[in-house]
file entry-v8.json (JSON, C-alpha atoms)
[["chain", "number", "residue", "atom", "x", "y", "z"],
["T", 1, "MET", "CA", 0.00, 0.00, 0.00],
["T", 2, "ALA", "CA", 1.43, 3.37, -1.02],
["T", 3, "GLY", "CA", 1.97, 6.14, 1.53],
["T", 4, "TYR", "CA", 0.39, 8.75, -0.72],
["T", 5, "ARG", "CA", -2.11, 9.21, -3.55],
["T", 6, "LYS", "CA", -0.68, 9.25, -7.07],
["T", 7, "LEU", "CA", -3.51, 11.44, -8.46],
["T", 8, "SER", "CA", -3.05, 9.91, -11.95],
["T", 9, "ARG", "CA", 0.05, 12.01, -12.60],
["T", 10, "THR", "CA", 3.79, 11.56, -13.00],
["T", 11, "ALA", "CA", 5.97, 12.38, -10.00],
["T", 12, "SER", "CA", 7.02, 15.82, -11.29],
["T", 13, "GLN", "CA", 3.46, 16.79, -12.25],
["T", 14, "ARG", "CA", 2.15, 15.63, -8.88],
["T", 15, "LYS", "CA", 4.79, 17.56, -6.93],
["T", 16, "ALA", "CA", 4.12, 20.72, -8.95],
["T", 17, "LEU", "CA", 0.36, 20.40, -8.43],
["T", 18, "LEU", "CA", 0.69, 19.89, -4.68],
["T", 19, "ARG", "CA", 3.21, 22.73, -4.31],
["T", 20, "SER", "CA", 0.96, 25.15, -6.16],
["T", 21, "GLN", "CA", -2.12, 24.15, -4.18],
["T", 22, "VAL", "CA", -0.29, 24.42, -0.83],
["T", 23, "THR", "CA", 0.99, 27.86, -1.82],
["T", 24, "ALA", "CA", -2.51, 28.97, -2.85],
["T", 25, "LEU", "CA", -4.02, 27.61, 0.39],
["T", 26, "LEU", "CA", -1.53, 29.47, 2.59],
["T", 27, "PHE", "CA", -1.81, 32.68, 0.54],
["T", 28, "HIS", "CA", -5.61, 32.83, 0.20],
["T", 29, "GLY", "CA", -6.66, 30.85, 3.30],
["T", 30, "ARG", "CA", -8.94, 28.50, 1.35],
["T", 31, "ILE", "CA", -9.10, 26.61, -1.94],
["T", 32, "ILE", "CA", -11.69, 24.51, -3.77],
["T", 33, "THR", "CA", -10.40, 21.20, -5.08],
["T", 34, "THR", "CA", -11.22, 17.49, -5.25],
["T", 35, "GLU", "CA", -11.32, 15.40, -2.10],
["T", 36, "SER", "CA", -8.25, 13.28, -2.84],
["T", 37, "LYS", "CA", -6.11, 16.32, -3.75],
["T", 38, "ALA", "CA", -7.30, 18.11, -0.62],
["T", 39, "LYS", "CA", -6.22, 15.22, 1.59],
["T", 40, "GLU", "CA", -2.72, 15.27, 0.09],
["T", 41, "VAL", "CA", -2.44, 19.08, 0.27],
["T", 42, "ARG", "CA", -3.60, 18.98, 3.89],
["T", 43, "LYS", "CA", -0.62, 16.77, 4.91],
["T", 44, "ILE", "CA", 1.92, 19.18, 3.45],
["T", 45, "ALA", "CA", 0.19, 22.35, 4.70],
["T", 46, "GLU", "CA", -0.16, 21.03, 8.24],
["T", 47, "HIS", "CA", 3.54, 20.13, 8.27],
["T", 48, "LEU", "CA", 4.55, 23.65, 7.16],
["T", 49, "ILE", "CA", 2.28, 25.33, 9.71],
["T", 50, "ALA", "CA", 3.63, 23.05, 12.47],
["T", 51, "LEU", "CA", 7.17, 24.10, 11.50],
["T", 52, "GLY", "CA", 6.09, 27.75, 11.66],
["T", 53, "VAL", "CA", 4.49, 27.33, 15.07],
["T", 54, "LYS", "CA", 7.55, 25.55, 16.46],
["T", 55, "GLU", "CA", 10.09, 28.10, 15.19],
["T", 56, "LYS", "CA", 8.10, 31.38, 15.17],
["T", 57, "ASP", "CA", 9.96, 32.97, 18.12],
["T", 58, "ASN", "CA", 13.37, 31.49, 17.37],
["T", 59, "PHE", "CA", 15.24, 34.61, 16.21],
["T", 60, "GLU", "CA", 17.33, 37.42, 17.62],
["T", 61, "THR", "CA", 17.07, 41.13, 16.85],
["T", 62, "VAL", "CA", 20.30, 42.71, 15.60],
["T", 63, "LYS", "CA", 21.13, 46.36, 14.89],
["T", 64, "VAL", "CA", 22.96, 46.97, 11.62],
["T", 65, "THR", "CA", 24.05, 50.07, 9.75],
["T", 66, "ALA", "CA", 23.05, 50.25, 6.12],
["T", 67, "LYS", "CA", 23.95, 52.64, 3.32],
["T", 68, "VAL", "CA", 20.74, 54.05, 1.85],
["T", 69, "PRO", "CA", 20.65, 56.38, -1.17],
["T", 70, "ARG", "CA", 19.47, 59.91, -0.34],
["T", 71, "LYS", "CA", 16.29, 60.87, -2.19],
["T", 72, "ASP", "CA", 14.75, 64.20, -3.14],
["T", 73, "LYS", "CA", 11.09, 65.22, -2.72],
["T", 74, "ASP", "CA", 10.10, 63.37, -5.94],
["T", 75, "GLY", "CA", 11.66, 60.10, -4.73],
["T", 76, "LYS", "CA", 14.61, 60.23, -7.12],
["T", 77, "ARG", "CA", 18.20, 59.62, -6.01],
["T", 78, "VAL", "CA", 20.29, 62.70, -5.24],
["T", 79, "LYS", "CA", 23.46, 62.88, -7.36],
["T", 80, "GLU", "CA", 26.49, 65.11, -6.98],
["T", 81, "VAL", "CA", 29.51, 65.64, -9.21],
["T", 82, "VAL", "CA", 32.80, 64.17, -7.94],
["T", 83, "ASP", "CA", 35.88, 64.28, -10.19],
["T", 84, "GLY", "CA", 33.71, 65.01, -13.22],
["T", 85, "LYS", "CA", 31.38, 62.04, -12.63],
["T", 86, "LYS", "CA", 27.83, 61.97, -11.28],
["T", 87, "VAL", "CA", 27.77, 59.89, -8.10],
["T", 88, "THR", "CA", 24.79, 58.92, -5.90],
["T", 89, "VAL", "CA", 24.88, 60.32, -2.36],
["T", 90, "TYR", "CA", 24.40, 57.72, 0.42],
["T", 91, "ASP", "CA", 23.36, 58.13, 4.06],
["T", 92, "GLU", "CA", 24.11, 55.62, 6.83],
["T", 93, "VAL", "CA", 21.02, 54.42, 8.66],
["T", 94, "GLU", "CA", 20.72, 52.09, 11.66],
["T", 95, "LYS", "CA", 18.16, 49.32, 11.23],
["T", 96, "GLU", "CA", 16.93, 46.50, 13.42],
["T", 97, "ILE", "CA", 16.63, 43.17, 11.62],
["T", 98, "LYS", "CA", 15.53, 39.68, 12.64],
["T", 99, "LYS", "CA", 18.38, 37.20, 12.47],
["T", 100, "ASP", "CA", 17.21, 33.59, 12.33],
["T", 101, "LEU", "CA", 18.79, 31.10, 14.68],
["T", 102, "PRO", "CA", 20.00, 27.88, 12.99],
["T", 103, "SER", "CA", 16.85, 25.81, 13.61],
["T", 104, "ARG", "CA", 14.56, 28.58, 12.26],
["T", 105, "LEU", "CA", 16.82, 29.01, 9.24],
["T", 106, "HIS", "CA", 16.53, 25.29, 8.56],
["T", 107, "ALA", "CA", 12.73, 25.49, 8.89],
["T", 108, "ARG", "CA", 12.70, 28.47, 6.49],
["T", 109, "ARG", "CA", 14.67, 26.48, 3.91],
["T", 110, "GLN", "CA", 12.36, 23.47, 4.33],
["T", 111, "MET", "CA", 9.38, 25.74, 3.63],
["T", 112, "LEU", "CA", 11.07, 27.31, 0.61],
["T", 113, "LYS", "CA", 11.51, 23.80, -0.86],
["T", 114, "VAL", "CA", 7.72, 23.49, -1.02],
["T", 115, "LEU", "CA", 6.34, 27.01, -1.55],
["T", 116, "TYR", "CA", 6.29, 28.79, -4.91],
["T", 117, "PRO", "CA", 6.97, 32.55, -5.16],
["T", 118, "VAL", "CA", 3.73, 34.56, -5.03],
["T", 119, "LYS", "CA", 3.10, 37.87, -6.77],
["T", 120, "ALA", "CA", 0.18, 39.94, -5.52],
["T", 121, "PRO", "CA", -1.26, 43.11, -7.08],
["T", 122, "VAL", "CA", -0.26, 46.38, -5.38],
["T", 123, "GLU", "CA", -3.12, 48.46, -3.95],
["T", 124, "GLY", "CA", -3.99, 51.46, -6.11],
["T", 125, "LYS", "CA", -1.69, 50.43, -8.97],
["T", 126, "LYS", "CA", -3.20, 48.96, -12.11],
["T", 127, "LYS", "CA", -0.49, 46.70, -13.52],
["T", 128, "LYS", "CA", 2.06, 46.52, -10.68],
["T", 129, "THR", "CA", 2.69, 43.38, -8.69],
["T", 130, "GLN", "CA", 4.75, 42.80, -5.58],
["T", 131, "GLU", "CA", 6.38, 39.57, -4.48],
["T", 132, "VAL", "CA", 4.98, 38.23, -1.19],
["T", 133, "ASP", "CA", 7.35, 36.48, 1.23],
["T", 134, "MET", "CA", 5.26, 33.40, 2.03],
["T", 135, "VAL", "CA", 7.68, 32.10, 4.68],
["T", 136, "ALA", "CA", 7.47, 35.41, 6.56],
["T", 137, "LYS", "CA", 3.68, 35.23, 6.26],
["T", 138, "ILE", "CA", 3.70, 31.77, 7.85],
["T", 139, "PHE", "CA", 5.98, 32.87, 10.71],
["T", 140, "ASP", "CA", 4.32, 36.27, 11.34],
["T", 141, "GLU", "CA", 0.63, 35.83, 10.49],
["T", 142, "ILE", "CA", -0.40, 32.17, 10.32],
["T", 143, "ALA", "CA", 1.70, 30.55, 13.10],
["T", 144, "PRO", "CA", 0.69, 32.95, 15.93],
["T", 145, "LYS", "CA", -2.98, 31.96, 15.40],
["T", 146, "TYR", "CA", -2.20, 28.29, 16.08],
["T", 147, "VAL", "CA", 0.19, 28.51, 19.04],
["T", 148, "ASN", "CA", -2.19, 26.85, 21.51],
["T", 149, "ARG", "CA", -3.39, 24.22, 19.03],
["T", 150, "ASN", "CA", -1.89, 20.75, 18.63],
["T", 151, "GLY", "CA", -2.40, 20.04, 14.94],
["T", 152, "GLY", "CA", -5.65, 20.23, 13.00],
["T", 153, "TYR", "CA", -4.87, 23.54, 11.33],
["T", 154, "THR", "CA", -7.00, 22.83, 8.24],
["T", 155, "ARG", "CA", -10.61, 21.83, 7.62],
["T", 156, "ILE", "CA", -12.16, 19.93, 4.70],
["T", 157, "VAL", "CA", -15.83, 20.67, 3.93],
["T", 158, "LYS", "CA", -17.60, 18.70, 1.19],
["T", 159, "ILE", "CA", -19.56, 20.88, -1.24],
["T", 160, "GLY", "CA", -20.96, 18.29, -3.64],
["T", 161, "GLN", "CA", -20.09, 16.63, -6.91],
["T", 162, "ARG", "CA", -18.52, 18.43, -9.85],
["T", 163, "LYS", "CA", -20.78, 18.67, -12.89],
["T", 164, "GLY", "CA", -18.31, 17.44, -15.52],
["T", 165, "ASP", "CA", -16.98, 14.21, -14.01],
["T", 166, "ALA", "CA", -18.93, 13.84, -10.74],
["T", 167, "ALA", "CA", -15.76, 14.10, -8.65],
["T", 168, "MET", "CA", -16.42, 15.08, -5.03],
["T", 169, "GLU", "CA", -15.40, 18.73, -4.58],
["T", 170, "VAL", "CA", -14.38, 20.13, -1.21],
["T", 171, "VAL", "CA", -13.33, 23.41, 0.34],
["T", 172, "LEU", "CA", -9.95, 23.14, 2.06],
["T", 173, "GLU", "CA", -9.47, 26.04, 4.46],
["T", 174, "LEU", "CA", -7.35, 27.12, 7.39],
["T", 175, "VAL", "CA", -9.27, 26.82, 10.65]]

call {"tool": "encode", "arguments": {"input": "entry-v8.json", "output": "structure tokens"}}
result
Amino acid sequence: MAGYRKLSRTASQRKALLRSQVTALLFHGRIITTESKAKEVRKIAEHLIALGVKEKDNFETVKVTAKVPRKDKDGKRVKEVVDGKKVTVYDEVEKEIKKDLPSRLHARRQMLKVLYPVKAPVEGKKKKTQEVDMVAKIFDEIAPKYVNRNGGYTRIVKIGQRKGDAAMEVVLELV
């Protein structure tokens, strides 16, 4: 008996399908899919959320100095002439950043093996998109909701049969 469903696909197609559905589930909070796909996606999603819950506070805050280009009122970089060349002017700024401890870094890399990059539209802009850091979303938004919960982070609700092939469709959502 196999430890997983093959979903009538080759290994590479199956992995790509599951990765995309897990990414969509964590980004949107719910997806509509067939029952067998939902059960496979649930395994992977629950594992990623459990990793996030376990490692969410495992970082240290570090102060660093960064060189940031100076900008004028229009948001363009300020340039000045040095030795006959136009050179951008930089200011040094102190920033606080989160530095992952080794176990959180490992968890981050495990998540990145599964999750696809997500581009979301920018508010107010018509054709602009911005890349969303899904790992940060898991650590900062999703994991804190489930701190006091031991598993069971997703729910499968049956919504009936699909018209074309009568496959059982379900809603897979984060609890």

call {"tool": "closest_atom_pairs", "arguments": {"input": "entry-v8.json", "of": "segment 12-41 of chain T", "to": "segment 160-169 of chain T", "cutoff": "6 Å", "atoms": "all atoms listed in the file", "output": "JSON lines"}}
result
{"residue": "T:Thr33", "atom": "CA", "partner": "T:Glu169", "partner_atom": "CA", "distance": 5.6}
{"residue": "T:Thr34", "atom": "CA", "partner": "T:Glu169", "partner_atom": "CA", "distance": 4.4}
{"residue": "T:Glu35", "atom": "CA", "partner": "T:Glu169", "partner_atom": "CA", "distance": 5.8}

call {"tool": "write_last_selection", "arguments": {"input": "entry-v8.json", "atoms": "C-alpha atoms", "output": "PDB file, in the coordinates of the input"}}
result
ATOM      1  CA  THR T  33     -10.400  21.200  -5.080  1.00  0.00           C
ATOM      2  CA  THR T  34     -11.220  17.490  -5.250  1.00  0.00           C
ATOM      3  CA  GLU T  35     -11.320  15.400  -2.100  1.00  0.00           C
TER       4      GLU T  35
END

call {"tool": "closest_residue", "arguments": {"input": "entry-v8.json", "among": "T:Thr23, T:Gln130, T:Leu48, T:Thr10", "to": "Gly151 of chain T", "atoms": "all atoms listed in the file"}}
result
T:Leu48

call {"tool": "closest_residue", "arguments": {"input": "entry-v8.json", "among": "T:Ala38, T:Val157, T:Ala66, T:Ile49", "to": "Phe139 of chain T", "atoms": "only C-alpha atoms"}}
result
T:Ile49

call {"tool": "axis_aligned_box", "arguments": {"input": "entry-v8.json", "around": "segment 46-59 of chain T", "padding_each_side": "3 Å", "output": "lines of an AutoDock Vina configuration file"}}
result
center_x = 7.5
center_y = 27.4
center_z = 12.6
size_x = 21.4
size_y = 20.5
size_z = 17.0

call {"tool": "residues_around", "arguments": {"input": "entry-v8.json", "residues": "Glu92 of chain T", "least_positions_apart": "6", "cutoff": "9 Å", "atoms": "all atoms listed in the file", "output": "tab-separated table (two decimals) with C-alpha atoms, in the frame of the given file"}}
result
chain	number	residue	atom	x	y	z
T	65	THR	CA	24.05	50.07	9.75
T	66	ALA	CA	23.05	50.25	6.12
T	67	LYS	CA	23.95	52.64	3.32
T	68	VAL	CA	20.74	54.05	1.85
T	69	PRO	CA	20.65	56.38	-1.17

call {"tool": "closest_residue", "arguments": {"input": "entry-v8.json", "among": "T:Lys158, T:Lys125, T:Arg70, T:Arg19", "to": "Ala45 of chain T", "atoms": "only C-alpha atoms"}}
result
T:Arg19

call {"tool": "closest_residue", "arguments": {"input": "entry-v8.json", "among": "T:Val135, T:Lys71, T:Val93, T:Arg5", "to": "Lys113 of chain T", "atoms": "all atoms listed in the file"}}
result
T:Val135

call {"tool": "closest_residue", "arguments": {"input": "entry-v8.json", "among": "T:Asp140, T:Glu94, T:Glu40, T:Glu80", "to": "Thr154 of chain T", "atoms": "all atoms listed in the file"}}
result
T:Glu40

call {"tool": "residues_near_point", "arguments": {"input": "entry-v8.json", "point": "(0.4, 30.5, -5.3)", "cutoff": "7 Å", "atoms": "all atoms listed in the file", "output": "PyMOL selection string"}}
result
chain T and resi 20-21+23-24+27+116-118

call {"tool": "write_last_selection", "arguments": {"input": "entry-v8.json", "atoms": "C-alpha atoms", "output": "PDB file, in the coordinates of the input"}}
result
ATOM      1  CA  SER T  20       0.960  25.150  -6.160  1.00  0.00           C
ATOM      2  CA  GLN T  21      -2.120  24.150  -4.180  1.00  0.00           C
ATOM      3  CA  THR T  23       0.990  27.860  -1.820  1.00  0.00           C
ATOM      4  CA  ALA T  24      -2.510  28.970  -2.850  1.00  0.00           C
ATOM      5  CA  PHE T  27      -1.810  32.680   0.540  1.00  0.00           C
ATOM      6  CA  TYR T 116       6.290  28.790  -4.910  1.00  0.00           C
ATOM      7  CA  PRO T 117       6.970  32.550  -5.160  1.00  0.00           C
ATOM      8  CA  VAL T 118       3.730  34.560  -5.030  1.00  0.00           C
TER       9      VAL T 118
END

call {"tool": "atom_distance", "arguments": {"input": "entry-v8.json", "atom1": "atom CA of Glu131 of chain T", "atom2": "atom CA of Lys39 of chain T"}}
result
28.1 Å

call {"tool": "residues_near_point", "arguments": {"input": "entry-v8.json", "point": "(23.6, 54.9, -5.6)", "cutoff": "9 Å", "atoms": "only C-alpha atoms", "output": "PDB file with C-alpha atoms, keeping the file's coordinate frame"}}
result
ATOM      1  CA  VAL T  68      20.740  54.050   1.850  1.00  0.00           C
ATOM      2  CA  PRO T  69      20.650  56.380  -1.170  1.00  0.00           C
ATOM      3  CA  ARG T  70      19.470  59.910  -0.340  1.00  0.00           C
ATOM      4  CA  ARG T  77      18.200  59.620  -6.010  1.00  0.00           C
ATOM      5  CA  VAL T  78      20.290  62.700  -5.240  1.00  0.00           C
ATOM      6  CA  LYS T  79      23.460  62.880  -7.360  1.00  0.00           C
ATOM      7  CA  VAL T  87      27.770  59.890  -8.100  1.00  0.00           C
ATOM      8  CA  THR T  88      24.790  58.920  -5.900  1.00  0.00           C
ATOM      9  CA  VAL T  89      24.880  60.320  -2.360  1.00  0.00           C
ATOM     10  CA  TYR T  90      24.400  57.720   0.420  1.00  0.00           C
TER      11      TYR T  90
END

call {"tool": "atom_distance", "arguments": {"input": "entry-v8.json", "atom1": "atom CA of Gln13 of chain T", "atom2": "atom CA of Ile142 of chain T"}}
result
27.6 Å

call {"tool": "residues_around", "arguments": {"input": "entry-v8.json", "residues": "Ile31 of chain T", "least_positions_apart": "2", "cutoff": "6 Å", "atoms": "all atoms listed in the file", "output": "MDAnalysis selection string"}}
result
chainID T and resid 25 171:172

call {"tool": "closest_residue", "arguments": {"input": "entry-v8.json", "among": "T:Val114, T:Leu7, T:Val41, T:Ala107", "to": "Asn58 of chain T", "atoms": "all atoms listed in the file"}}
result
T:Ala107

call {"tool": "residues_around", "arguments": {"input": "entry-v8.json", "residues": "Ser103 of chain T", "least_positions_apart": "6", "cutoff": "12 Å", "atoms": "only C-alpha atoms", "output": "number ranges by chain"}}
result
T: 51-52, 54-59, 109-110
